[in-house]
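> Hey, dropping protein28.tsv in here, TSV, C-alpha atoms:
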chain	number	residue	atom	x	y	z
A	113	MET	CA	1.28	-35.22	6.79
A	114	LEU	CA	1.52	-33.43	10.14
A	115	ARG	CA	1.65	-30.02	8.47
A	116	SER	CA	-1.39	-30.84	6.37
A	117	LEU	CA	-3.33	-32.04	9.40
A	118	ALA	CA	-2.38	-28.83	11.21
A	119	ALA	CA	-3.57	-26.81	8.19
A	120	LEU	CA	-6.93	-28.63	8.19
A	121	LEU	CA	-7.35	-28.00	11.93
A	122	ILE	CA	-6.42	-24.32	11.56
A	123	PHE	CA	-9.07	-23.86	8.88
A	124	GLN	CA	-11.59	-25.71	11.04
A	125	CYS	CA	-10.80	-23.31	13.92
A	126	LEU	CA	-11.25	-20.34	11.59
A	127	GLY	CA	-14.55	-21.77	10.36
A	128	GLU	CA	-15.80	-22.42	13.90
A	129	SER	CA	-14.89	-18.85	14.88
A	130	VAL	CA	-16.71	-17.32	11.91
A	131	SER	CA	-19.78	-19.50	12.56
A	132	TYR	CA	-19.77	-18.53	16.24
A	133	VAL	CA	-19.13	-14.79	15.82
A	134	PHE	CA	-21.86	-14.33	13.19
A	135	SER	CA	-24.11	-17.01	14.82
A	136	LEU	CA	-24.60	-18.71	11.44
A	137	PRO	CA	-26.78	-21.84	11.09
A	138	VAL	CA	-23.95	-23.38	9.05
A	139	PRO	CA	-21.47	-25.48	11.10
A	140	GLY	CA	-17.84	-24.39	11.47
A	141	PRO	CA	-16.22	-27.17	9.41
A	142	VAL	CA	-18.37	-26.27	6.36
A	143	ILE	CA	-17.20	-22.65	6.61
A	144	GLY	CA	-13.65	-23.93	7.16
A	145	MET	CA	-14.00	-25.85	3.90
A	146	LEU	CA	-15.04	-22.68	2.04
A	147	LEU	CA	-12.11	-20.76	3.57
A	148	LEU	CA	-9.61	-23.48	2.62
A	149	PHE	CA	-11.09	-23.52	-0.87
A	150	ALA	CA	-10.54	-19.74	-1.21
A	151	PHE	CA	-7.01	-20.19	0.14
A	152	ALA	CA	-6.30	-22.95	-2.41
A	153	MET	CA	-7.42	-20.63	-5.22
A	154	MET	CA	-4.91	-18.00	-4.06
A	155	ARG	CA	-2.06	-20.41	-3.27
A	156	PRO	CA	-2.14	-23.46	-5.57
A	157	ALA	CA	1.22	-24.67	-4.20
A	158	ALA	CA	-0.24	-24.97	-0.70
A	159	ALA	CA	-3.21	-26.91	-2.07
A	160	THR	CA	-0.85	-29.41	-3.73
A	161	ALA	CA	1.00	-29.86	-0.42
A	162	ILE	CA	-2.17	-30.54	1.62
A	163	GLU	CA	-3.82	-32.71	-1.04
A	164	PRO	CA	-2.34	-36.18	-0.29
A	165	THR	CA	-3.36	-36.05	3.40
A	166	ALA	CA	-6.77	-34.60	2.56
A	167	LEU	CA	-7.49	-37.36	0.05
A	168	GLU	CA	-6.27	-40.06	2.42
A	169	LEU	CA	-8.69	-38.77	5.06
A	170	LEU	CA	-11.55	-38.64	2.55
A	171	ARG	CA	-10.80	-42.15	1.33
A	172	HIS	CA	-11.68	-43.34	4.84
A	173	LEU	CA	-14.66	-41.05	5.35
A	174	SER	CA	-16.80	-44.14	6.02
A	175	LEU	CA	-14.72	-44.93	9.12
A	176	LEU	CA	-15.54	-41.55	10.66
A	177	PHE	CA	-19.31	-42.23	10.63
A	178	ILE	CA	-19.06	-45.47	12.64
A	179	PRO	CA	-19.25	-43.95	16.18
A	180	ALA	CA	-22.33	-41.87	15.29
A	181	GLY	CA	-23.88	-44.86	13.50
A	182	VAL	CA	-23.46	-47.05	16.58
A	183	GLY	CA	-25.12	-44.35	18.71
A	184	ILE	CA	-28.10	-44.38	16.37
A	185	MET	CA	-28.59	-48.15	16.59
A	186	VAL	CA	-28.50	-47.92	20.36
A	187	SER	CA	-31.14	-45.14	20.53
A	188	VAL	CA	-33.38	-46.35	17.70
A	189	GLN	CA	-36.41	-46.83	19.99
A	190	THR	CA	-36.99	-43.03	19.92
A	191	VAL	CA	-39.25	-43.49	16.86
A	192	ARG	CA	-41.75	-45.56	18.94
A	193	GLY	CA	-45.21	-45.92	17.37
A	194	GLU	CA	-44.46	-43.90	14.25
A	195	ALA	CA	-41.89	-46.32	12.88
A	196	PHE	CA	-43.88	-47.17	9.75
A	197	ALA	CA	-44.62	-43.55	8.78
A	198	VAL	CA	-41.00	-42.54	9.37
A	199	ILE	CA	-39.44	-45.48	7.49
A	200	ALA	CA	-41.79	-45.13	4.51
A	201	SER	CA	-41.19	-41.38	4.35
A	202	LEU	CA	-37.43	-41.85	4.59
A	203	ILE	CA	-37.23	-44.48	1.85
A	204	LEU	CA	-39.54	-42.74	-0.62
A	205	SER	CA	-38.24	-39.21	-0.12
A	206	THR	CA	-34.57	-40.25	-0.38
A	207	THR	CA	-35.29	-42.21	-3.56
A	208	LEU	CA	-37.19	-39.27	-5.05
A	209	GLY	CA	-34.49	-36.82	-3.91
A	210	ILE	CA	-31.71	-38.76	-5.67
A	211	ALA	CA	-33.76	-39.30	-8.86
A	212	VAL	CA	-35.02	-35.71	-9.16
A	213	THR	CA	-31.61	-34.14	-8.43
A	214	ALA	CA	-29.96	-36.34	-11.06
A	215	LEU	CA	-32.64	-35.87	-13.75
A	216	VAL	CA	-32.95	-32.08	-13.33
A	217	THR	CA	-29.18	-31.53	-13.17
A	218	ARG	CA	-28.64	-33.62	-16.29
A	219	ALA	CA	-31.47	-31.95	-18.22
A	220	LEU	CA	-30.08	-28.49	-17.39
A	221	LEU	CA	-26.50	-29.51	-18.24
A	222	ARG	CA	-27.66	-30.84	-21.63
A	223	ARG	CA	-29.61	-27.68	-22.36
A	224	GLN	CA	-26.58	-25.58	-21.48
A	225	ARG	CA	-24.38	-27.68	-23.75
A	226	ARG	CA	-26.87	-27.39	-26.64
A	227	ARG	CA	-26.95	-23.62	-26.24
A	228	ASN	CA	-23.17	-23.42	-26.20
A	229	VAL	CA	-23.03	-25.44	-29.42
A	230	GLU	CA	-25.66	-23.22	-31.05
A	231	GLU	CA	-23.82	-20.08	-29.99
A	232	SER	CA	-20.50	-21.25	-31.35
A	233	ALA	CA	-22.24	-22.36	-34.58
A	234	SER	CA	-23.92	-19.02	-35.27
B	26	MET	CA	4.47	-70.98	37.86
B	27	ASN	CA	1.34	-71.43	35.86
B	28	SER	CA	1.88	-70.43	32.25
B	29	HIS	CA	-1.79	-69.64	31.60
B	30	LEU	CA	-3.63	-66.76	33.22
B	31	PRO	CA	-6.34	-67.69	35.69
B	32	ILE	CA	-9.84	-66.46	34.87
B	33	ASP	CA	-9.87	-63.79	37.52
B	34	LYS	CA	-6.63	-62.36	36.09
B	35	LEU	CA	-8.22	-62.20	32.63
B	36	ASP	CA	-11.22	-60.57	34.19
B	37	ALA	CA	-8.98	-58.00	35.83
B	38	ILE	CA	-7.29	-57.21	32.49
B	39	TRP	CA	-10.71	-56.82	30.87
B	40	VAL	CA	-11.90	-54.46	33.61
B	41	TYR	CA	-8.67	-52.50	33.33
B	42	LEU	CA	-8.84	-52.16	29.51
B	43	ALA	CA	-12.58	-51.47	29.44
B	44	ALA	CA	-12.06	-48.46	31.68
B	45	SER	CA	-9.72	-46.76	29.17
B	46	PRO	CA	-10.63	-45.26	25.78
B	47	LEU	CA	-8.31	-47.79	24.10
B	48	LEU	CA	-10.91	-50.53	23.57
B	49	GLY	CA	-13.52	-48.29	21.91
B	50	LEU	CA	-10.96	-46.92	19.49
B	51	THR	CA	-9.48	-50.35	18.70
B	52	LEU	CA	-12.92	-51.88	18.21
B	53	THR	CA	-13.89	-49.11	15.76
B	54	LEU	CA	-10.77	-49.54	13.64
B	55	VAL	CA	-10.89	-53.34	13.63
B	56	ALA	CA	-14.61	-53.35	12.74
B	57	TYR	CA	-13.88	-50.94	9.88
B	58	LEU	CA	-11.04	-53.11	8.53
B	59	ILE	CA	-13.28	-56.21	8.64
B	60	ALA	CA	-16.06	-54.25	6.90
B	61	LEU	CA	-13.65	-53.07	4.16
B	62	ASN	CA	-12.57	-56.67	3.66
B	63	VAL	CA	-16.19	-57.84	3.28
B	64	TYR	CA	-16.86	-54.91	0.92
B	65	ALA	CA	-13.90	-55.89	-1.29
B	66	ARG	CA	-14.95	-59.56	-1.31
B	67	ALA	CA	-18.48	-58.53	-2.30
B	68	LYS	CA	-16.86	-56.78	-5.29
B	69	HIS	CA	-17.86	-53.35	-3.94
B	70	ASN	CA	-21.55	-54.17	-4.00
B	71	PRO	CA	-23.36	-51.23	-2.35
B	72	LEU	CA	-25.31	-53.67	-0.15
B	73	ALA	CA	-22.03	-54.48	1.60
B	74	ASN	CA	-21.77	-50.83	2.71
B	75	PRO	CA	-18.75	-50.56	5.07
B	76	VAL	CA	-20.52	-48.14	7.48
B	77	LEU	CA	-23.46	-50.53	7.83
B	78	ILE	CA	-21.30	-53.62	8.39
B	79	ALA	CA	-18.89	-51.93	10.80
B	80	VAL	CA	-21.74	-50.46	12.84
B	81	ALA	CA	-23.37	-53.89	13.05
B	82	ILE	CA	-20.10	-55.47	14.25
B	83	VAL	CA	-19.62	-52.81	16.93
B	84	VAL	CA	-23.26	-53.01	18.11
B	85	VAL	CA	-23.02	-56.81	18.45
B	86	ALA	CA	-19.70	-56.51	20.32
B	87	LEU	CA	-21.15	-53.93	22.72
B	88	LYS	CA	-24.26	-56.04	23.36
B	89	LEU	CA	-22.20	-59.22	23.96
B	90	THR	CA	-19.88	-57.50	26.45
B	91	ASP	CA	-22.71	-55.45	27.98
B	92	THR	CA	-20.77	-52.23	27.34
B	93	PRO	CA	-22.76	-48.97	27.47
B	94	TYR	CA	-22.52	-46.65	24.47
B	95	ARG	CA	-21.03	-43.87	26.59
B	96	THR	CA	-18.05	-46.07	27.51
B	97	TYR	CA	-17.53	-47.04	23.88
B	98	PHE	CA	-17.74	-43.43	22.73
B	99	GLU	CA	-14.94	-42.38	25.09
B	100	GLY	CA	-12.60	-44.21	22.72
B	101	ALA	CA	-14.56	-43.76	19.50
B	102	GLN	CA	-14.72	-39.98	19.92
B	103	PHE	CA	-11.18	-39.70	18.51
B	104	VAL	CA	-12.46	-41.11	15.23
B	105	HIS	CA	-15.69	-39.10	15.43
B	106	PHE	CA	-13.67	-35.92	15.93
B	107	LEU	CA	-11.96	-36.35	12.55
B	108	LEU	CA	-15.28	-35.64	10.79
B	109	GLY	CA	-14.50	-31.92	11.22
B	110	PRO	CA	-11.07	-31.93	9.52
B	111	ALA	CA	-12.47	-34.31	6.86
B	112	THR	CA	-15.20	-31.81	6.03
B	113	VAL	CA	-12.57	-29.09	5.70
B	114	ALA	CA	-10.54	-31.46	3.48
B	115	LEU	CA	-13.44	-31.59	0.98
B	116	ALA	CA	-12.11	-28.21	-0.24
B	117	LEU	CA	-9.31	-29.97	-2.15
B	118	PRO	CA	-11.28	-32.26	-4.47
B	119	LEU	CA	-13.61	-29.29	-5.02
B	120	TYR	CA	-10.61	-27.17	-5.97
B	121	ARG	CA	-9.40	-29.84	-8.44
B	122	GLN	CA	-12.82	-30.04	-10.12
B	123	TRP	CA	-13.37	-26.30	-10.02
B	124	ASP	CA	-13.30	-25.68	-13.80
B	125	LYS	CA	-15.89	-28.36	-14.39
B	126	LEU	CA	-18.00	-27.14	-11.45
B	127	ARG	CA	-17.92	-23.52	-12.57
B	128	ARG	CA	-19.00	-24.36	-16.11
B	129	GLY	CA	-21.91	-26.34	-14.73
B	130	ALA	CA	-22.76	-23.93	-11.90
B	131	LEU	CA	-26.29	-23.01	-13.03
B	132	PRO	CA	-27.43	-26.57	-13.89
B	133	LEU	CA	-26.00	-27.80	-10.58
B	134	LEU	CA	-27.85	-25.08	-8.64
B	135	GLY	CA	-31.06	-25.92	-10.52
B	136	GLY	CA	-30.65	-29.61	-9.64
B	137	LEU	CA	-29.93	-28.70	-6.03
B	138	VAL	CA	-33.10	-26.62	-5.62
B	139	ALA	CA	-35.28	-29.26	-7.32
B	140	GLY	CA	-33.77	-32.19	-5.42
B	141	SER	CA	-33.67	-30.50	-2.03
B	142	LEU	CA	-37.29	-29.32	-2.30
B	143	THR	CA	-38.41	-32.78	-3.46
B	144	ALA	CA	-36.70	-34.48	-0.52
B	145	ILE	CA	-38.11	-32.10	2.09
B	146	VAL	CA	-41.67	-31.85	0.73
B	147	SER	CA	-42.02	-35.59	0.08
B	148	ALA	CA	-40.52	-36.55	3.47
B	149	VAL	CA	-42.91	-34.27	5.38
B	150	GLY	CA	-45.89	-35.03	3.11
B	151	ILE	CA	-45.63	-38.82	3.25
B	152	ALA	CA	-45.06	-38.93	7.01
B	153	LYS	CA	-47.96	-36.57	7.60
B	154	LEU	CA	-50.21	-38.70	5.41
B	155	LEU	CA	-49.25	-41.73	7.50
B	156	GLY	CA	-50.10	-39.93	10.71
B	157	ALA	CA	-46.78	-38.70	12.13
B	158	THR	CA	-46.89	-35.95	14.80
B	159	PRO	CA	-45.77	-32.37	14.00
B	160	GLN	CA	-42.71	-32.90	16.19
B	161	THR	CA	-41.69	-35.95	14.14
B	162	LEU	CA	-42.33	-34.02	10.90
B	163	ALA	CA	-40.04	-31.24	12.09
B	164	SER	CA	-37.39	-33.83	12.90
B	165	LEU	CA	-37.76	-35.40	9.43
B	166	ALA	CA	-37.58	-32.22	7.31
B	167	PRO	CA	-33.77	-31.68	7.45
B	168	LYS	CA	-32.85	-35.41	7.22
B	169	SER	CA	-30.95	-35.18	3.90
B	170	VAL	CA	-28.15	-32.95	5.20
B	171	THR	CA	-25.08	-33.56	7.31
B	172	THR	CA	-25.75	-34.29	11.02
B	173	PRO	CA	-24.60	-31.02	12.67
B	174	ILE	CA	-26.65	-28.84	10.28
B	175	ALA	CA	-29.68	-31.15	10.45
B	176	MET	CA	-29.68	-31.20	14.26
B	177	ALA	CA	-29.40	-27.42	14.48
B	178	VAL	CA	-32.25	-26.97	11.99
B	179	ALA	CA	-34.46	-29.53	13.77
B	180	GLU	CA	-33.96	-27.72	17.05
B	181	LYS	CA	-34.92	-24.41	15.45
B	182	VAL	CA	-38.17	-25.72	13.92
B	183	GLY	CA	-39.38	-27.69	16.95
B	184	GLY	CA	-38.11	-31.18	16.14
B	185	ILE	CA	-36.12	-33.54	18.35
B	186	PRO	CA	-32.39	-33.25	17.48
B	187	SER	CA	-31.53	-36.79	18.64
B	188	LEU	CA	-34.34	-38.23	16.49
B	189	THR	CA	-33.05	-36.15	13.57
B	190	ALA	CA	-29.60	-37.69	14.06
B	191	VAL	CA	-31.15	-41.17	13.74
B	192	LEU	CA	-33.00	-40.13	10.57
B	193	VAL	CA	-29.95	-38.44	9.04
B	194	ILE	CA	-27.72	-41.49	9.49
B	195	SER	CA	-30.46	-43.83	8.20
B	196	THR	CA	-30.99	-41.61	5.15
B	197	GLY	CA	-27.24	-41.58	4.48
B	198	VAL	CA	-26.94	-45.36	4.68
B	199	PHE	CA	-30.10	-45.90	2.60
B	200	GLY	CA	-28.87	-43.48	-0.08
B	201	ALA	CA	-25.36	-44.94	-0.16
B	202	VAL	CA	-26.72	-48.47	-0.51
B	203	THR	CA	-29.45	-47.81	-3.11
B	204	ALA	CA	-28.14	-44.86	-5.17
B	205	ARG	CA	-26.56	-47.07	-7.81
B	206	TRP	CA	-29.87	-48.81	-8.59
B	207	ILE	CA	-31.95	-45.64	-8.39
B	208	LEU	CA	-29.62	-43.83	-10.79
B	209	ASN	CA	-29.47	-46.81	-13.14
B	210	ALA	CA	-33.27	-47.04	-13.09
B	211	VAL	CA	-33.67	-43.42	-14.21
B	212	GLY	CA	-30.87	-43.90	-16.76
B	213	VAL	CA	-28.35	-41.35	-15.48
B	214	ARG	CA	-24.83	-42.58	-16.37
B	215	GLU	CA	-22.73	-39.40	-16.03
B	216	THR	CA	-20.25	-39.67	-13.14
B	217	ASP	CA	-20.53	-36.00	-12.15
B	218	VAL	CA	-24.35	-35.96	-12.10
B	219	ARG	CA	-24.47	-39.26	-10.17
B	220	GLY	CA	-22.05	-37.95	-7.55
B	221	PHE	CA	-23.91	-34.67	-7.17
B	222	ALA	CA	-27.29	-36.39	-6.69
B	223	ILE	CA	-25.87	-38.75	-4.05
B	224	GLY	CA	-24.37	-35.82	-2.11
B	225	VAL	CA	-27.55	-33.73	-2.24
B	226	ALA	CA	-29.84	-36.54	-1.04
B	227	SER	CA	-27.61	-38.51	1.32
B	228	HIS	CA	-24.88	-36.15	2.60
B	229	GLY	CA	-21.60	-37.48	4.08
B	230	ILE	CA	-22.35	-41.20	4.08
B	231	GLY	CA	-23.38	-40.95	0.42
B	232	THR	CA	-20.25	-38.90	-0.23
B	233	ALA	CA	-18.09	-41.55	1.46
B	234	ARG	CA	-19.59	-44.11	-0.91
B	235	ALA	CA	-18.95	-41.80	-3.90
B	236	PHE	CA	-15.28	-41.44	-2.92
B	237	GLN	CA	-15.00	-45.23	-2.97
B	238	VAL	CA	-16.15	-45.20	-6.60
B	239	SER	CA	-13.91	-42.36	-7.83
B	240	GLU	CA	-12.36	-39.07	-6.78
B	241	GLU	CA	-14.42	-37.18	-9.36
B	242	MET	CA	-17.69	-38.66	-8.10
B	243	GLY	CA	-16.59	-37.88	-4.56
B	244	ALA	CA	-15.84	-34.24	-5.41
B	245	PHE	CA	-19.29	-33.73	-6.90
B	246	ALA	CA	-20.94	-35.53	-3.99
B	247	GLY	CA	-19.04	-33.31	-1.55
B	248	LEU	CA	-20.23	-30.25	-3.45
B	249	GLY	CA	-23.84	-31.49	-3.39
B	250	MET	CA	-23.63	-32.19	0.33
B	251	GLY	CA	-22.13	-28.77	1.14
B	252	LEU	CA	-24.59	-26.83	-1.03
B	253	ASN	CA	-27.61	-28.70	0.28
B	254	GLY	CA	-26.42	-28.21	3.86
B	255	VAL	CA	-26.40	-24.44	3.42
B	256	PHE	CA	-29.59	-24.38	1.32
B	257	THR	CA	-31.57	-26.56	3.76
B	258	ALA	CA	-30.38	-24.55	6.78
B	259	PHE	CA	-32.07	-21.48	5.32
B	260	LEU	CA	-35.00	-23.20	3.57
B	261	VAL	CA	-36.52	-25.52	6.21
B	262	PRO	CA	-37.30	-22.82	8.83
B	263	VAL	CA	-39.26	-20.92	6.14
B	264	LEU	CA	-40.81	-23.86	4.30
B	265	LEU	CA	-41.91	-26.12	7.18
B	266	PRO	CA	-44.61	-23.84	8.66
B	267	ILE	CA	-46.10	-23.43	5.17
B	268	LEU	CA	-46.06	-27.21	4.58
B	269	LEU	CA	-47.66	-27.93	7.95
B	270	ARG	CA	-50.49	-25.52	7.19
B	271	TRP	CA	-51.14	-26.78	3.64
B	272	LEU	CA	-50.90	-30.52	4.14
Would it be possible to restate this file's structure as structure tokens?

Amino acid sequence: MLRSLAALLIFQCLGESVSYVFSLPVPGPVIGMLLLFAFAMMRPAAATAIEPTALELLRHLSLLFIPAGVGIMVSVQTVRGEAFAVIASLILSTTLGIAVTALVTRALLRRQRRRNVEESAS
Amino acid sequence: MNSHLPIDKLDAIWVYLAASPLLGLTLTLVAYLIALNVYARAKHNPLANPVLIAVAIVVVALKLTDTPYRTYFEGAQFVHFLLGPATVALALPLYRQWDKLRRGALPLLGGLVAGSLTAIVSAVGIAKLLGATPQTLASLAPKSVTTPIAMAVAEKVGGIPSLTAVLVISTGVFGAVTARWILNAVGVRETDVRGFAIGVASHGIGTARAFQVSEEMGAFAGLGMGLNGVFTAFLVPVLLPILLRWL
């Protein structure tokens, strides 16, 4: 577990460095994730070794959002007089975002599958 | 000797503990365990979202003891810090699902572009229609992506990063709680598509919910979150000025 945690931290450091050096808008941990992914492709054995700790951490991802969530509740008055506009926008746009992503992804996946079937048939 | 502690002794212990990071950390973990218990008893109903319940418990505890957020965060920061390594850890479920992801790469990218654009344009459009200021609109535009990216984007386009953080967390909780019904309503049953949509529209908190359903759904949610984070970081600075002029 300790080795896996060290590996995750090392890749986070690498990601932070890349993000800083190239002043990318993408945060370090996201780049660290891409680097670890590339590493896993090259060394599947290492991926298998890190996996149990990684999954355990992800299983409790909810826990990690609690401190930030509490901060939000405490500073919620920042929205002031625009509360209605902001809440309505948030609810509608998130609902639309989920629905449109799902419907478009599924439609494209089905079309791809149909094409593959046609190709293998002809 | 008195076997029970006098009140002023208890008070002294409280003052002593409250000054160390121990209480904030303990409170976070205990609130999470209680929230998980409620979630299990509610048969994993999305309304009993563990983040929502745990946050409520902590907020009530802080209000009752009159503890400022800064004091609480001194302990809670150890938990908060793990968000970084957890993001890195998303590489592993992605790696496991890689074959499936690669075969569906083009449809997934198409869904990402459509969903991300819909979320940004509708968020800015609706708020503008209801009279929000340009500064609030700029804070709203990146709300569907993970907090660090969203805050950086908001800062770049003239929004208020701390307001963006509020909107990002609210979006995540709203998405995690309602995704099941939204996806059922539009008739999408496929686990991979459901996970991907949750990740694109409600980032890490949605992804946390997806991991509670299954590892496959979590992997696709993590992919959606990562892709939309990168996409939005480049898109919003270009798109927002155009939207503000048109709307």
> Set out as a Markdown table a contact list for chain B and chain A with a cut-off of 6 Å, giving each residue of chain B that qualifies its closest atom pair and distance in Å to one decimal, counting all atoms listed in the file, ordered by chain and rising residue number.

| residue | atom | partner | partner_atom | distance |
| --- | --- | --- | --- | --- |
| B:Val76 | CA | A:Ser174 | CA | 5.7 |
| B:Val80 | CA | A:Val182 | CA | 5.3 |
| B:Ala101 | CA | A:Pro179 | CA | 5.7 |
| B:Val104 | CA | A:Leu176 | CA | 5.5 |
| B:His105 | CA | A:Leu176 | CA | 5.4 |
| B:Leu108 | CA | A:Leu176 | CA | 5.9 |
| B:Gly109 | CA | A:Pro141 | CA | 5.4 |
| B:Pro110 | CA | A:Leu120 | CA | 5.5 |
| B:Thr112 | CA | A:Pro141 | CA | 5.8 |
| B:Val113 | CA | A:Met145 | CA | 4.0 |
| B:Ala114 | CA | A:Ala166 | CA | 5.0 |
| B:Ala116 | CA | A:Phe149 | CA | 4.8 |
| B:Pro132 | CA | A:Leu220 | CA | 4.8 |
| B:Leu133 | CA | A:Thr217 | CA | 5.5 |
| B:Gly136 | CA | A:Thr217 | CA | 4.3 |
| B:Gly140 | CA | A:Thr213 | CA | 4.2 |
| B:Thr143 | CA | A:Gly209 | CA | 5.6 |
| B:Ala144 | CA | A:Gly209 | CA | 4.7 |
| B:Ser147 | CA | A:Ser205 | CA | 5.2 |
| B:Ala148 | CA | A:Ser201 | CA | 5.0 |
| B:Ile151 | CA | A:Ser201 | CA | 5.2 |
| B:Ala152 | CA | A:Ala197 | CA | 5.0 |
| B:Leu155 | CA | A:Ala197 | CA | 5.1 |
| B:Val191 | CA | A:Ile184 | CA | 5.2 |
| B:Val218 | CA | A:Ala214 | CA | 5.7 |
| B:Ala222 | CA | A:Ile210 | CA | 5.1 |
| B:Ala226 | CA | A:Ile210 | CA | 5.5 |
| B:Ala233 | CA | A:Leu173 | CA | 5.2 |
> How many Å lie between CA of Ile185 in chain B and CA of Ala163 in chain B, rounded to one decimal?
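Computed distance, CA of Ile185 in chain B to CA of Ala163 in chain B, equals 7.7 Å.
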> Which is closer to Leu48 in chain B than all the others in B:Asn253, B:Thr232, B:Thr92, B:Thr196, using only C-alpha atoms?
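Residue with the minimum atom-to-atom distance to Leu48 in chain B: B:Thr92.
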> Please report the interatomic distance between CA of Ala244 in chain B and CA of Val263 in chain B in Å with one decimal.
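Straight-line distance from CA of Ala244 in chain B to CA of Val263 in chain B works out to 29.3 Å.
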> Excluding same-chain residues fewer than 2 positions from Val255 in chain B, what lies within 12 Å of it counting all atoms listed in the file, as a VMD selection string?
(chain A and resid 136 to 140 142 to 143 146) or (chain B and resid 137 to 138 141 167 169 to 171 173 to 175 177 to 178 225 228 248 to 253 257 to 261)
> Identify the residues around (-16.2, -47.0, 26.4) within a radius of 10 Å, measuring from all atoms listed in the file in the coordinates stated by the file, and give them as a list in words.
Leu42, Ala43, Ala44, Ser45, Pro46, Leu47, Leu48, Gly49, Leu50, Leu87, Thr92, Pro93, Tyr94, Arg95, Thr96, Tyr97, Phe98, Glu99, Gly100, Ala101 and Gln102 of chain B
